[in-house]
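S.K.: One structure, as structure tokens, below. Some questions next.
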Amino acid sequence: MELLQRFAAGDLDAFESLFRQYQRDVYRWIVRIVRDPSVAEDLTVETFWRVHKAHARFDPEAKFASWLRRIATNVALDHLRRRPAYVELPEDLAAEQRPDCAVQQETRMALRRAFAELPPKLRLVAQLGSIEDDTYSEIAEALGISAAAARVRMFRAVRLLRKKLQKSGVHP
């Protein structure tokens with residue numbers, strides 16, 4: 001508690017201590033969102049820069065980790081909005097590994113394109129829910145929204161993915 005009070009008061013040593021304590025967690029969280037380790041390194045630095053600038057607005061009675069994760073999420077979302085939409089899906093997404101044929105490859109590419117074309121807020125919820133297997137409450141906490149809003153965004157994301165895939169000739 002004393003460390004958080006010192007941080008909120010602008011103590012640089014307290015900030016450095018918090019940085020060392022949470023740096024790995026923030027990096028791992030951002031990598032999950034942006035799917036690019038080198039970009040995640042830059043965004044981790046940007047996150048802590050924003051944390052340092054906002055130290056006076058932090059309430060030492062609040063949970064620092066939740067506040068920090070929200071800032072990291074905003075930094076990652078800002079990045080996703082600015083960059084061209086493309087998210088690398090894991091190759092082992094399918095439950096059963098079969099020889100790769102042209103149809104499977106076209107389907108996979110259509111899914112990647114459709115996923116990348118989702119608006120960043122929907123793409124993030126779909127990624128956290130479908131790929132990372134986070135619960136609605138975990139998604140809601142990470143994004144600072146209600147669990148109901150997370151469910152609605154997931155529903156919209158899935159509906160948009162289906163429409164985009166059907167337009168590509170893939171019928172999910």
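By order of appearance in the structure tokens: chains A, B, ..., then residues from 1 within every chain, and ligands from 1 in the order shown.
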Counting only C-alpha atoms, give me one row per residue of region 132-161 of chain A with an atom at most 12 Å from an atom of region 25-42 of chain A, showing the shortest contact pair and its distance in Å to one decimal, sorted by chain then residue number, as JSON lines.
M.R.:
{"residue": "A:Glu132", "atom": "CA", "partner": "A:Arg32", "partner_atom": "CA", "distance": 7.9}
{"residue": "A:Asp133", "atom": "CA", "partner": "A:Arg32", "partner_atom": "CA", "distance": 11.4}
{"residue": "A:Asp134", "atom": "CA", "partner": "A:Arg32", "partner_atom": "CA", "distance": 11.2}
{"residue": "A:Ile139", "atom": "CA", "partner": "A:Ile33", "partner_atom": "CA", "distance": 11.5}
{"residue": "A:Ala142", "atom": "CA", "partner": "A:Trp29", "partner_atom": "CA", "distance": 9.6}
{"residue": "A:Leu143", "atom": "CA", "partner": "A:Ile33", "partner_atom": "CA", "distance": 11.3}
S.K.: Enumerate as a PyMOL selection string all residues of chain A assigned to alpha helix (DSSP H) by DSSP on the backbone, naming them with the chain letters and numbers the document uses.
M.R.: chain A and resi 2-8+12-34+37-53+64-82+102-116+120-126+136-143+147-167
S.K.: Need to verify the contact set: Phe115 (chain A), 12 Å, only C-alpha atoms, exclusion of same-chain residues closer than 6 positions in sequence. Can you return it as a list of chain:residue names?
M.R.: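 Within the cut-off, the hits are A:Ala85, A:Tyr86, A:Val87, A:Glu88, A:Leu89, A:Arg108, A:Met109, A:Lys121, A:Leu122, A:Arg123, A:Leu124, A:Val125, A:Ala126, A:Gln127, A:Ser130, A:Ile131, A:Ala157, A:Val158, A:Arg159, A:Leu160, A:Leu161, A:Arg162, A:Lys163, A:Lys164, A:Leu165.
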S.K.: May I ask for the distance between CA of Ala72 (chain A) and CA of Thr47 (chain A), given in Å to one decimal place?
M.R.: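 We find that CA of Ala72 (chain A) and CA of Thr47 (chain A) lie 5.4 Å from each other.
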S.K.: What does the distance between CA of Leu68 (chain A) and CA of Val152 (chain A) come to in Å, to one decimal place?
M.R.: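 Separation of CA of Leu68 (chain A) and CA of Val152 (chain A): 24.9 Å.
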S.K.: If you measure from CA of Trp67 (chain A) to CA of Gly144 (chain A), what distance in Å do you get, rounded to one decimal?
M.R.: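 Between CA of Trp67 (chain A) and CA of Gly144 (chain A) the gap works out to 9.6 Å.
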